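**Student:** What follows is the file coords_28.csv, containing CSV, C-alpha atoms:
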chain,number,residue,atom,x,y,z
A,2,TRP,CA,15.0,221.5,28.2
A,3,TYR,CA,15.7,219.8,31.4
A,4,ILE,CA,14.9,222.9,33.4
A,5,LEU,CA,11.7,223.5,31.3
A,6,GLY,CA,10.6,219.9,31.5
A,7,PHE,CA,11.1,219.6,35.2
A,8,GLY,CA,9.9,223.1,36.0
A,9,PHE,CA,6.6,222.6,34.3
A,10,GLY,CA,6.0,218.9,33.6
A,11,VAL,CA,7.4,217.2,36.6
A,12,SER,CA,6.2,219.9,39.0
A,13,LEU,CA,2.7,219.5,37.6
A,14,VAL,CA,2.8,215.8,38.3
A,15,VAL,CA,4.2,216.4,41.8
A,16,SER,CA,1.4,219.0,42.4
A,17,PHE,CA,-1.3,216.5,41.6
A,18,SER,CA,0.4,213.9,43.8
A,19,TYR,CA,0.3,216.4,46.6
A,20,LEU,CA,-3.4,217.0,46.0
A,21,LEU,CA,-4.0,213.2,46.2
A,22,LEU,CA,-2.0,213.1,49.5
A,23,LEU,CA,-4.3,215.8,50.9
A,24,ARG,CA,-7.3,213.5,50.4
A,25,VAL,CA,-5.8,210.9,52.7
A,26,LYS,CA,-7.4,211.1,56.1
A,27,CYS,CA,-4.3,211.4,58.3
A,28,VAL,CA,-2.0,213.4,56.1
A,29,LEU,CA,-3.8,216.8,56.2
A,30,GLY,CA,-4.5,216.4,60.0
A,31,ILE,CA,-0.8,215.7,60.7
A,32,MET,CA,0.2,218.7,58.6
A,33,VAL,CA,-2.2,221.1,60.2
A,34,TRP,CA,-2.2,220.0,63.9
A,35,GLY,CA,1.6,219.4,63.6
A,36,SER,CA,2.2,223.0,62.5
A,37,ILE,CA,-0.1,224.4,65.2
A,38,PHE,CA,1.6,222.4,68.0
A,39,ILE,CA,5.0,223.3,66.7
A,40,THR,CA,4.1,227.0,66.7
A,41,ILE,CA,2.8,226.9,70.2
A,42,GLY,CA,5.7,224.8,71.4
A,43,MET,CA,8.2,227.3,69.9
A,44,PHE,CA,6.8,230.0,72.2
A,45,PHE,CA,7.0,227.8,75.3
A,46,ALA,CA,10.5,226.6,74.3
A,47,ALA,CA,11.7,230.2,73.7
A,48,GLY,CA,10.2,231.2,77.1
A,49,ALA,CA,12.0,228.4,78.8
A,50,TYR,CA,15.3,229.3,77.1
A,51,ALA,CA,15.0,233.0,78.1
A,52,PHE,CA,14.2,232.0,81.7
A,53,THR,CA,17.1,229.5,81.8
A,54,GLU,CA,19.5,232.2,80.5
A,55,ALA,CA,18.3,234.7,83.0
A,56,GLN,CA,18.8,232.2,85.8
A,57,ALA,CA,22.3,231.4,84.5
A,58,TRP,CA,23.2,235.1,84.3
A,59,GLU,CA,22.0,235.6,87.9
A,60,ASP,CA,24.0,232.6,89.3
A,61,ALA,CA,27.2,233.4,87.3
A,62,VAL,CA,30.2,234.5,89.4
A,63,PRO,CA,31.3,237.0,88.5
A,64,LYS,CA,28.1,238.3,86.8
A,65,THR,CA,28.3,238.7,83.0
A,66,ALA,CA,25.0,240.6,82.7
A,67,THR,CA,23.4,243.6,84.4
A,68,ASP,CA,20.4,243.4,86.6
A,69,ASP,CA,18.3,245.1,83.9
A,70,GLU,CA,19.3,242.4,81.3
A,71,ILE,CA,18.4,239.6,83.8
A,72,LEU,CA,15.0,241.3,84.5
A,73,GLY,CA,14.4,241.8,80.8
A,74,ALA,CA,15.1,238.1,80.0
A,75,ARG,CA,12.7,237.0,82.8
A,76,ILE,CA,10.0,239.4,81.6
A,77,ALA,CA,10.5,238.1,78.0
A,78,SER,CA,10.1,234.5,79.2
A,79,TYR,CA,6.9,235.3,81.0
A,80,VAL,CA,5.5,237.1,77.9
A,81,LEU,CA,6.4,234.2,75.7
A,82,TRP,CA,4.8,231.7,78.0
A,83,GLY,CA,1.7,234.0,78.2
A,84,ILE,CA,1.5,234.1,74.4
A,85,GLY,CA,1.9,230.3,74.2
A,86,GLY,CA,-0.9,229.9,76.8
A,87,VAL,CA,-3.2,232.2,74.9
A,88,LEU,CA,-2.6,230.3,71.7
A,89,LEU,CA,-3.3,227.1,73.5
A,90,LEU,CA,-6.6,228.5,74.7
A,91,LEU,CA,-7.5,229.7,71.2
A,92,LEU,CA,-6.7,226.3,69.9
A,93,CYS,CA,-9.2,224.7,72.3
A,94,PHE,CA,-11.7,227.4,71.4
A,95,PHE,CA,-11.4,227.2,67.6
A,96,ARG,CA,-11.0,223.4,67.4
A,97,LYS,CA,-14.3,222.8,65.6
A,98,GLN,CA,-13.5,225.7,63.2
A,99,LEU,CA,-10.1,224.2,62.4
A,100,GLN,CA,-11.8,220.8,61.7
A,101,LEU,CA,-14.2,222.5,59.4
A,102,ALA,CA,-11.4,224.3,57.6
A,103,MET,CA,-9.5,221.0,57.1
A,104,GLY,CA,-12.7,219.5,55.6
A,105,THR,CA,-12.9,222.5,53.2
A,106,VAL,CA,-9.3,221.9,52.1
A,107,LYS,CA,-10.0,218.2,51.5
A,108,GLU,CA,-13.0,219.1,49.3
A,109,THR,CA,-10.9,221.6,47.4
A,110,ALA,CA,-8.3,218.9,46.7
A,111,LYS,CA,-11.0,216.6,45.4
A,112,ALA,CA,-12.4,219.2,43.1
A,113,LEU,CA,-9.0,220.0,41.7
A,114,VAL,CA,-8.4,216.3,40.9
A,115,THR,CA,-11.8,216.0,39.3
A,116,MET,CA,-11.3,219.2,37.1
A,117,PRO,CA,-7.6,219.1,36.2
A,118,MET,CA,-8.0,221.6,33.4
A,119,ILE,CA,-8.6,224.3,35.9
A,120,ILE,CA,-4.8,224.6,36.4
A,121,PHE,CA,-4.6,226.1,32.8
A,122,LEU,CA,-6.8,229.1,33.7
A,123,PRO,CA,-3.9,231.1,35.0
A,124,ILE,CA,-2.2,230.6,31.6
A,125,VAL,CA,-5.2,231.9,29.8
A,126,GLN,CA,-5.3,234.9,32.1
A,127,SER,CA,-1.6,235.5,31.5
A,128,VAL,CA,-2.1,235.4,27.7
A,129,GLY,CA,-4.9,237.9,28.0
A,130,PHE,CA,-2.9,240.2,30.2
A,131,ILE,CA,0.1,240.0,27.8
A,132,ALA,CA,-2.1,240.8,24.8
A,133,PHE,CA,-3.5,243.8,26.7
A,134,MET,CA,0.0,244.9,27.8
A,135,ILE,CA,1.2,244.9,24.1
A,136,ILE,CA,-1.6,247.2,23.1
A,137,TRP,CA,-1.2,249.4,26.2
A,138,THR,CA,2.6,249.7,25.7
A,139,VAL,CA,2.1,250.9,22.1
A,140,TYR,CA,-0.3,253.6,23.3
A,141,ALA,CA,2.1,254.5,26.1
A,142,VAL,CA,5.0,254.9,23.7
A,143,PHE,CA,3.0,257.0,21.3
A,144,LEU,CA,1.8,259.2,24.2
A,145,ALA,CA,5.3,259.6,25.5
A,146,SER,CA,6.5,260.7,22.1
A,147,LEU,CA,4.1,263.7,22.2
A,148,GLY,CA,6.4,265.7,24.4
A,149,ASP,CA,8.7,268.5,23.2
A,150,PHE,CA,12.3,269.0,24.0
A,151,THR,CA,13.2,272.3,25.7
A,152,THR,CA,16.7,273.6,26.4
A,153,THR,CA,17.4,275.5,29.6
A,154,THR,CA,20.7,277.3,30.4
A,155,ILE,CA,21.6,277.3,34.1
A,156,ASP,CA,24.3,279.5,35.6
A,157,ILE,CA,26.6,277.7,38.1
A,158,THR,CA,26.9,280.0,41.0
A,159,PRO,CA,30.3,280.0,42.6
A,160,ASP,CA,30.6,279.3,46.4
A,161,VAL,CA,30.4,282.3,48.7
A,162,GLY,CA,33.7,284.1,49.0
A,163,PHE,CA,35.0,282.6,45.7
A,164,GLU,CA,35.7,285.1,42.9
A,165,LEU,CA,36.3,284.1,39.3
A,166,PRO,CA,39.6,285.2,37.8
A,167,GLU,CA,39.6,288.2,35.6
A,168,GLY,CA,38.6,287.4,32.1
A,169,PHE,CA,36.5,284.3,33.0
A,170,GLU,CA,32.8,284.3,32.7
A,171,THR,CA,30.3,282.5,34.9
A,172,PRO,CA,30.1,278.9,33.8
A,173,GLN,CA,26.8,277.6,32.4
A,174,VAL,CA,25.2,274.2,32.0
A,175,THR,CA,22.7,273.5,29.3
A,176,VAL,CA,19.9,271.0,30.3
A,177,ARG,CA,17.5,269.4,27.9
A,178,GLN,CA,14.1,268.5,29.3
A,179,PHE,CA,11.1,266.6,27.9
A,180,VAL,CA,8.0,268.8,28.5
A,181,PHE,CA,4.4,267.6,28.1
A,182,ASP,CA,1.3,269.8,27.8
A,183,ASP,CA,-1.7,269.5,30.1
A,184,PHE,CA,-3.6,267.3,27.6
A,185,THR,CA,-0.8,264.8,27.4
A,186,LEU,CA,-0.4,264.6,31.1
A,187,GLN,CA,-4.1,264.1,31.6
A,188,SER,CA,-4.0,261.4,28.9
A,189,GLY,CA,-1.1,259.7,30.8
A,190,TRP,CA,-3.2,259.6,34.0
A,191,TYR,CA,-6.1,258.1,32.0
A,192,LEU,CA,-3.8,255.5,30.5
A,193,ILE,CA,-2.6,254.5,34.0
A,194,PHE,CA,-6.3,254.2,35.1
A,195,ILE,CA,-7.0,252.0,32.1
A,196,PHE,CA,-4.1,249.8,33.1
A,197,PHE,CA,-5.4,249.4,36.7
A,198,TRP,CA,-8.9,248.7,35.6
A,199,THR,CA,-8.1,246.2,32.9
A,200,SER,CA,-5.6,244.3,34.9
A,201,GLN,CA,-8.0,244.0,37.9
A,202,PHE,CA,-10.8,243.1,35.5
A,203,ILE,CA,-8.7,240.1,34.2
A,204,ILE,CA,-8.1,239.0,37.7
A,205,ALA,CA,-11.7,239.4,38.7
A,206,VAL,CA,-12.9,237.3,35.7
A,207,GLY,CA,-10.5,234.5,36.8
A,208,GLU,CA,-11.8,234.6,40.4
A,209,ILE,CA,-15.4,234.3,39.3
A,210,VAL,CA,-14.6,231.4,37.0
A,211,TYR,CA,-12.8,229.6,39.9
A,212,ALA,CA,-15.7,230.3,42.2
A,213,LEU,CA,-18.3,229.1,39.6
A,214,CYS,CA,-16.3,225.9,38.9
A,215,PHE,CA,-16.0,224.9,42.6
A,216,ALA,CA,-19.7,225.9,43.2
A,217,LYS,CA,-21.0,223.7,40.4
A,218,TRP,CA,-18.8,220.8,41.6
A,219,TYR,CA,-19.9,221.1,45.2
A,220,PHE,CA,-23.6,221.4,44.5
A,221,THR,CA,-23.6,218.5,42.0
A,222,ARG,CA,-24.9,215.4,43.6
A,223,ASP,CA,-23.3,212.9,41.2
A,224,LYS,CA,-19.7,214.0,41.2
A,225,SER,CA,-18.9,211.5,38.4
A,226,THR,CA,-20.7,213.8,35.9
A,227,VAL,CA,-18.3,216.7,36.6
A,228,GLY,CA,-15.1,216.9,34.7
A,229,SER,CA,-12.8,219.3,32.9
A,230,GLY,CA,-15.6,220.3,30.6
A,231,GLN,CA,-17.2,222.1,33.6
A,232,VAL,CA,-14.3,224.6,33.5
A,233,TRP,CA,-15.0,225.7,30.0
A,234,GLU,CA,-18.7,225.8,30.7
A,235,SER,CA,-18.0,228.1,33.6
A,236,VAL,CA,-15.8,230.3,31.4
A,237,CYS,CA,-18.7,230.7,29.0
A,238,ASP,CA,-21.2,231.4,31.8
A,239,VAL,CA,-19.0,234.1,33.3
A,240,CYS,CA,-18.4,235.7,29.9
A,241,TRP,CA,-22.2,235.8,29.2
A,242,TYR,CA,-23.6,236.6,32.6
A,243,HIS,CA,-21.1,238.0,35.0
A,244,MET,CA,-18.8,240.4,33.1
A,245,GLY,CA,-20.5,243.4,34.5
A,246,THR,CA,-19.9,242.1,38.1
A,247,ALA,CA,-16.2,241.7,37.3
A,248,ALA,CA,-16.0,245.1,35.7
A,249,PHE,CA,-17.7,246.9,38.6
A,250,GLY,CA,-15.5,245.2,41.3
A,251,ALA,CA,-12.4,246.0,39.2
A,252,LEU,CA,-13.5,249.6,38.8
A,253,ILE,CA,-13.5,250.1,42.6
A,254,LEU,CA,-10.0,248.7,43.0
A,255,ALA,CA,-8.8,250.7,40.0
A,256,ILE,CA,-10.0,253.9,41.6
A,257,ILE,CA,-8.3,253.1,44.9
A,258,LYS,CA,-5.1,252.2,43.0
A,259,LEU,CA,-5.2,255.5,41.1
A,260,ILE,CA,-5.6,257.4,44.3
A,261,ARG,CA,-2.6,255.6,45.7
A,262,THR,CA,-0.6,256.5,42.6
A,263,ILE,CA,-1.6,260.2,42.9
A,264,ILE,CA,-0.6,260.1,46.6
A,265,ALA,CA,2.8,258.6,45.6
A,266,TYR,CA,3.3,261.4,43.0
A,267,PHE,CA,2.7,264.0,45.7
A,268,GLN,CA,5.0,262.1,48.1
A,269,LYS,CA,7.7,262.4,45.5
A,270,LYS,CA,7.1,266.2,45.2
A,271,ALA,CA,7.0,266.6,49.0
A,272,LYS,CA,10.3,264.8,49.3
A,273,GLU,CA,11.8,267.0,46.6
A,274,ALA,CA,10.6,270.1,48.5
A,275,ASP,CA,11.9,268.7,51.7
A,276,SER,CA,8.6,269.1,53.5
A,277,LYS,CA,8.6,266.8,56.5
A,278,ILE,CA,5.0,267.5,57.5
A,279,ALA,CA,3.6,266.9,54.0
A,280,THR,CA,5.7,263.7,53.7
A,281,ALA,CA,4.3,262.4,57.1
A,282,VAL,CA,0.7,263.3,56.2
A,283,LEU,CA,0.9,261.7,52.7
A,284,CYS,CA,2.6,258.6,54.2
A,285,CYS,CA,-0.4,258.2,56.6
A,286,CYS,CA,-2.8,258.6,53.7
A,287,GLN,CA,-0.9,256.0,51.7
A,288,CYS,CA,-1.1,253.5,54.6
A,289,CYS,CA,-4.8,254.1,55.0
A,290,PHE,CA,-5.5,253.5,51.3
A,291,TYR,CA,-3.3,250.5,51.3
A,292,CYS,CA,-5.4,249.0,54.1
A,293,LEU,CA,-8.5,250.0,52.2
A,294,GLU,CA,-7.3,248.3,49.1
A,295,LYS,CA,-6.6,245.0,51.0
A,296,CYS,CA,-10.1,245.1,52.6
A,297,VAL,CA,-11.8,245.8,49.2
A,298,LYS,CA,-9.8,242.9,47.6
A,299,PHE,CA,-11.0,240.5,50.3
A,300,LEU,CA,-14.6,241.7,50.1
A,301,ASN,CA,-14.5,241.6,46.3
A,302,LYS,CA,-13.3,238.0,46.3
A,303,ASN,CA,-16.1,236.9,48.7
A,304,ALA,CA,-18.6,238.9,46.6
A,305,TYR,CA,-17.5,237.0,43.5
A,306,ILE,CA,-18.1,233.7,45.3
A,307,HIS,CA,-21.6,234.9,46.3
A,308,THR,CA,-22.3,235.9,42.7
A,309,ALA,CA,-21.1,232.5,41.5
A,310,ILE,CA,-23.5,230.7,43.9
A,311,PHE,CA,-26.6,232.9,43.8
A,312,ALA,CA,-26.2,234.8,40.5
A,313,THR,CA,-26.8,238.2,42.2
A,314,ASN,CA,-25.3,241.5,41.1
A,315,PHE,CA,-22.2,242.9,42.6
A,316,CYS,CA,-23.7,245.3,45.1
A,317,THR,CA,-26.1,242.6,46.5
A,318,SER,CA,-23.3,240.1,46.6
A,319,ALA,CA,-20.9,242.5,48.4
A,320,ARG,CA,-23.5,243.3,51.0
A,321,GLU,CA,-24.4,239.7,51.7
A,322,ALA,CA,-20.7,238.7,51.7
A,323,PHE,CA,-19.9,241.4,54.2
A,324,PHE,CA,-22.5,240.3,56.7
A,325,LEU,CA,-21.6,236.6,56.1
A,326,ILE,CA,-18.0,237.4,57.0
A,327,LEU,CA,-19.1,239.2,60.2
A,328,ARG,CA,-21.2,236.2,61.2
A,329,ASN,CA,-18.5,233.7,60.5
A,330,ALA,CA,-15.3,235.5,61.4
A,331,ALA,CA,-13.8,232.7,63.4
A,332,ARG,CA,-14.5,230.1,60.7
A,333,ILE,CA,-13.1,232.3,58.0
A,334,GLY,CA,-10.0,233.0,60.1
A,335,ALA,CA,-9.5,229.3,60.6
A,336,ILE,CA,-9.9,228.5,56.9
A,337,GLY,CA,-7.3,231.2,56.2
A,338,TYR,CA,-4.8,229.7,58.6
A,339,VAL,CA,-5.3,226.2,57.4
A,340,SER,CA,-5.2,227.0,53.7
A,341,GLY,CA,-2.1,229.2,54.3
A,342,ALA,CA,-0.3,226.4,56.1
A,343,VAL,CA,-1.3,223.8,53.4
A,344,ILE,CA,-0.1,226.2,50.6
A,345,PHE,CA,3.2,226.8,52.3
A,346,VAL,CA,3.9,223.1,52.9
A,347,GLY,CA,2.8,222.4,49.3
A,348,LYS,CA,5.1,225.0,47.9
A,349,ALA,CA,8.0,223.6,49.9
A,350,PHE,CA,7.2,220.0,49.0
A,351,ILE,CA,6.8,220.6,45.3
A,352,ALA,CA,9.8,222.9,45.0
A,353,SER,CA,12.2,220.6,47.0
A,354,LEU,CA,11.1,217.4,45.3
A,355,THR,CA,11.1,218.8,41.8
A,356,GLY,CA,14.5,220.5,42.4
A,357,GLY,CA,16.0,217.3,43.8
A,358,LEU,CA,14.7,215.2,40.9
A,359,ALA,CA,16.0,217.8,38.4
A,360,TYR,CA,19.4,217.8,40.1
A,361,PHE,CA,19.8,214.1,39.9
A,362,ALA,CA,18.6,213.9,36.3
A,363,ILE,CA,20.9,216.6,35.1
A,364,ASP,CA,23.8,215.3,37.1
A,365,THR,CA,23.3,211.8,35.7
A,366,GLN,CA,22.6,212.8,32.0
A,367,ILE,CA,24.7,215.8,31.3
A,368,GLY,CA,26.7,216.3,34.5
A,369,MET,CA,30.1,216.2,32.8
A,370,GLU,CA,29.0,219.0,30.4
A,371,LEU,CA,28.2,221.5,33.2
A,372,ASN,CA,30.5,223.3,35.6
A,373,SER,CA,27.8,224.6,38.0
A,374,ILE,CA,26.4,221.3,39.3
Show the structure stored in the file as structure tokens.

**Tutor:**
Amino acid sequence: WYILGFGFGVSLVVSFSYLLLLRVKCVLGIMVWGSIFITIGMFFAAGAYAFTEAQAWEDAVPKTATDDEILGARIASYVLWGIGGVLLLLLCFFRKQLQLAMGTVKETAKALVTMPMIIFLPIVQSVGFIAFMIIWTVYAVFLASLGDFTTTTIDITPDVGFELPEGFETPQVTVRQFVFDDFTLQSGWYLIFIFFWTSQFIIAVGEIVYALCFAKWYFTRDKSTVGSGQVWESVCDVCWYHMGTAAFGALILAIIKLIRTIIAYFQKKAKEADSKIATAVLCCCQCCFYCLEKCVKFLNKNAYIHTAIFATNFCTSAREAFFLILRNAARIGAIGYVSGAVIFVGKAFIASLTGGLAYFAIDTQIGMELNSI
């Protein structure tokens, strides 16, 4: 109960406290600019260390490093300084974009505090996914039971030059295999496709609900009229108006995932056949479709945001989102960096504080009953 209480209840309180901290003017700026300057400083410090080591190796008597090692350390120092200089120039160039990104994060924190019920949406999604998995598993088990057992006898061939003693027969091994007909195999592939499509559909519905909640909050002039009821209103709007958009976006991802699964199947067959060329070609195909899947996921997410704001269909939203990303690549990159830094710091802050509080509470209350504290 201690672990459950602290892992869910206390961590929830700490999470909202972290969101309130993000609304403070100086806290977010210190976090973002501090992480940027520390990252740039690490490159300069690493370059200085490599240059100092190279100088120490050169002045050492007798020498403890070869000339190639000294030259390599110096080149590494110059490269690290160059990277640090480039990052510093990029910082100056993208300064306004970073400030815009920090403003976006602050507004997000305000919206989350205003609509606290939004944190329960992942639980609703998880319940829906679990219900689907129960039904899907039942169908998968019944489908797997349609196979037939076959028995195959295999002769064990002795090594070359080895002769069996007189009176002994060639040893045999009986192997039982589970064989499926073509219809069952095709049904299996269809079931896999259904799994991909439905799971991505559940994720897509959640993303549209999030986008609609934040869009309604942002474009409402009187923020005091927005509360947790906006979350359930957005859920109803998505279920009534935007299910087709979610299904179409999920369908594209499901097709890509199915292609990747087929490629993985052929990769296994190529490995069993010990075909190096086929393995290399299929590996390249797998990498290409992996990159395609990541790009489509990113585009789908922005298309869902466009749908939530303008209520357009998926194709229109995807086209507009694509060109919007092209026009604002620097701003989107800055927002991605800032949000990633804030999420990383938030995870570390919430986990460490919750873990520390749980440790002291357990140690104080039931510490004598446990041996692992």

**Student:** Hey, can you check how far atom CA of Phe38 of chain A sits from atom CA of Ala102 of chain A?

**Tutor:**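 If I compute the distance from atom CA of Phe38 of chain A to atom CA of Ala102 of chain A, I get 16.8 Å.
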
**Student:** Please measure the separation of atom CA of Ile253 of chain A and atom CA of Leu186 of chain A, giving the value in Å to one decimal.

**Tutor:**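 Value for the atom CA of Ile253 of chain A-atom CA of Leu186 of chain A distance: 22.7 Å.
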
**Student:** Looking at A:Val142, A:Ile260, A:Leu88, A:Ile120, which one is nearest to Gly207 of chain A, with distances taken over only C-alpha atoms?

**Tutor:**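 For Gly207 of chain A, the nearest of the given residues is A:Ile120.
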
**Student:** Counting all atoms listed in the file, which residues of segment 63-141 of chain A fall within 12 Å of segment 233-243 of chain A, and what is the closest atom pair for each with its distance in Å at one decimal, ordered by chain and rising number, as JSON lines?

**Tutor:**
{"residue": "A:Met116", "atom": "CA", "partner": "A:Trp233", "partner_atom": "CA", "distance": 10.3}
{"residue": "A:Pro117", "atom": "CA", "partner": "A:Trp233", "partner_atom": "CA", "distance": 11.7}
{"residue": "A:Met118", "atom": "CA", "partner": "A:Trp233", "partner_atom": "CA", "distance": 8.8}
{"residue": "A:Ile119", "atom": "CA", "partner": "A:Trp233", "partner_atom": "CA", "distance": 8.8}
{"residue": "A:Phe121", "atom": "CA", "partner": "A:Trp233", "partner_atom": "CA", "distance": 10.8}
{"residue": "A:Leu122", "atom": "CA", "partner": "A:Val236", "partner_atom": "CA", "distance": 9.4}
{"residue": "A:Val125", "atom": "CA", "partner": "A:Val236", "partner_atom": "CA", "distance": 10.8}
{"residue": "A:Gln126", "atom": "CA", "partner": "A:Val236", "partner_atom": "CA", "distance": 11.5}

**Student:** When you look at Ala77 of chain A with a cut-off of 12 Å (counting all atoms listed in the file), what residues show up, excluding the ones that are within fewer than 2 positions of it in the same chain? I need them as a list of chain:residue names.

**Tutor:**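 Returned residues: A:Phe44, A:Phe45, A:Ala47, A:Gly48, A:Ala49, A:Tyr50, A:Ala51, A:Phe52, A:Thr53, A:Glu54, A:Ala55, A:Glu70, A:Ile71, A:Leu72, A:Gly73, A:Ala74, A:Arg75, A:Tyr79, A:Val80, A:Leu81, A:Trp82, A:Gly83, A:Ile84.
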
**Student:** With a cut-off of 10 Å, could you pull out the residues of segment 65-162 of chain A touching segment 189-195 of chain A and give me the nearest pair of atoms for each, distance in Å to one decimal, using all atoms listed in the file, ordered by chain and ascending number, as a tab-separated table?

**Tutor:**
residue	atom	partner	partner_atom	distance
A:Trp137	CA	A:Leu192	CA	7.9
A:Thr138	CA	A:Leu192	CA	9.9
A:Tyr140	CA	A:Leu192	CA	8.2
A:Ala141	CA	A:Leu192	CA	7.4
A:Leu144	CA	A:Gly189	CA	7.2
A:Ala145	CA	A:Gly189	CA	8.3

**Student:** Quick check, in Å to one decimal: how far apart do atom CA of Lys97 of chain A and atom CA of Trp218 of chain A lie?

**Tutor:**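 Atom CA of Trp218 of chain A lies at a distance of 24.5 Å from atom CA of Lys97 of chain A.
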
**Student:** Measuring atom to atom with all atoms listed in the file, identify which of A:Tyr266, A:Phe299, A:Phe17, A:Phe323 is nearest to Gln287 of chain A.

**Tutor:**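 Among A:Tyr266, A:Phe299, A:Phe17, A:Phe323, it is A:Tyr266 that comes nearest to Gln287 of chain A.
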
**Student:** So, with only C-alpha atoms as the atoms that count, which of A:Asp68, A:Glu108, A:Glu208, A:Glu273 lies closest to Lys302 of chain A?

**Tutor:**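 Result for the nearest residue to Lys302 of chain A: A:Glu208.
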
**Student:** Using all atoms listed in the file, which protein or nucleic acid residues come within 9 Å of segment 335-339 of chain A? Drop anything in the same chain fewer than 6 positions from it, and give the result as a ChimeraX atom specification.

**Tutor:** /A:33,95,98-103,105-106

**Student:** Hey, which of A:Ala251, A:Thr308, A:Ala362, A:Asp183 ends up closest to Val210 of chain A? Count all atoms listed in the file.

**Tutor:**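 Ranked by minimum distance to Val210 of chain A, first place goes to A:Thr308.
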
**Student:** Place N, CA, C and O atoms on segment 116-129 of chain A and deliver the coordinates as an mmCIF file, in the coordinates of the input.

**Tutor:**
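Dumped to rebuild.cif:
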data_model
loop_
_atom_site.group_PDB
_atom_site.id
_atom_site.type_symbol
_atom_site.label_atom_id
_atom_site.label_comp_id
_atom_site.auth_asym_id
_atom_site.auth_seq_id
_atom_site.Cartn_x
_atom_site.Cartn_y
_atom_site.Cartn_z
ATOM 1 N N MET A 116 -11.331 218.205 38.263
ATOM 2 C CA MET A 116 -11.300 219.200 37.100
ATOM 3 C C MET A 116 -9.836 219.617 36.912
ATOM 4 O O MET A 116 -9.461 220.751 37.237
ATOM 5 N N PRO A 117 -8.982 218.751 36.374
ATOM 6 C CA PRO A 117 -7.600 219.100 36.200
ATOM 7 C C PRO A 117 -7.309 220.260 35.268
ATOM 8 O O PRO A 117 -6.286 220.944 35.381
ATOM 9 N N MET A 118 -8.231 220.506 34.332
ATOM 10 C CA MET A 118 -8.000 221.600 33.400
ATOM 11 C C MET A 118 -8.070 222.964 34.006
ATOM 12 O O MET A 118 -7.690 223.957 33.376
ATOM 13 N N ILE A 119 -8.503 223.018 35.251
ATOM 14 C CA ILE A 119 -8.600 224.300 35.900
ATOM 15 C C ILE A 119 -7.228 224.941 36.141
ATOM 16 O O ILE A 119 -7.102 226.159 36.312
ATOM 17 N N ILE A 120 -6.191 224.112 36.128
ATOM 18 C CA ILE A 120 -4.800 224.600 36.400
ATOM 19 C C ILE A 120 -4.352 225.467 35.162
ATOM 20 O O ILE A 120 -3.366 226.204 35.289
ATOM 21 N N PHE A 121 -5.023 225.338 34.015
ATOM 22 C CA PHE A 121 -4.600 226.100 32.800
ATOM 23 C C PHE A 121 -5.276 227.471 32.773
ATOM 24 O O PHE A 121 -4.937 228.273 31.892
ATOM 25 N N LEU A 122 -6.206 227.742 33.676
ATOM 26 C CA LEU A 122 -6.800 229.100 33.700
ATOM 27 C C LEU A 122 -5.854 230.198 33.915
ATOM 28 O O LEU A 122 -5.956 231.250 33.271
ATOM 29 N N PRO A 123 -4.892 230.058 34.846
ATOM 30 C CA PRO A 123 -3.900 231.100 35.000
ATOM 31 C C PRO A 123 -3.126 231.417 33.702
ATOM 32 O O PRO A 123 -2.750 232.571 33.434
ATOM 33 N N ILE A 124 -2.886 230.365 32.900
ATOM 34 C CA ILE A 124 -2.200 230.600 31.600
ATOM 35 C C ILE A 124 -3.033 231.393 30.686
ATOM 36 O O ILE A 124 -2.536 232.303 29.997
ATOM 37 N N VAL A 125 -4.338 231.085 30.646
ATOM 38 C CA VAL A 125 -5.200 231.900 29.800
ATOM 39 C C VAL A 125 -5.282 233.312 30.254
ATOM 40 O O VAL A 125 -5.258 234.252 29.432
ATOM 41 N N GLN A 126 -5.346 233.521 31.570
ATOM 42 C CA GLN A 126 -5.300 234.900 32.100
ATOM 43 C C GLN A 126 -4.030 235.600 31.722
ATOM 44 O O GLN A 126 -4.052 236.786 31.356
ATOM 45 N N SER A 127 -2.914 234.888 31.819
ATOM 46 C CA SER A 127 -1.600 235.500 31.500
ATOM 47 C C SER A 127 -1.557 235.896 30.020
ATOM 48 O O SER A 127 -1.041 236.972 29.675
ATOM 49 N N VAL A 128 -2.082 235.040 29.153
ATOM 50 C CA VAL A 128 -2.100 235.400 27.700
ATOM 51 C C VAL A 128 -2.938 236.607 27.466
ATOM 52 O O VAL A 128 -2.556 237.504 26.699
ATOM 53 N N GLY A 129 -4.106 236.680 28.119
ATOM 54 C CA GLY A 129 -4.900 237.900 28.000
ATOM 55 C C GLY A 129 -4.262 239.126 28.480
ATOM 56 O O GLY A 129 -4.351 240.193 27.846
#
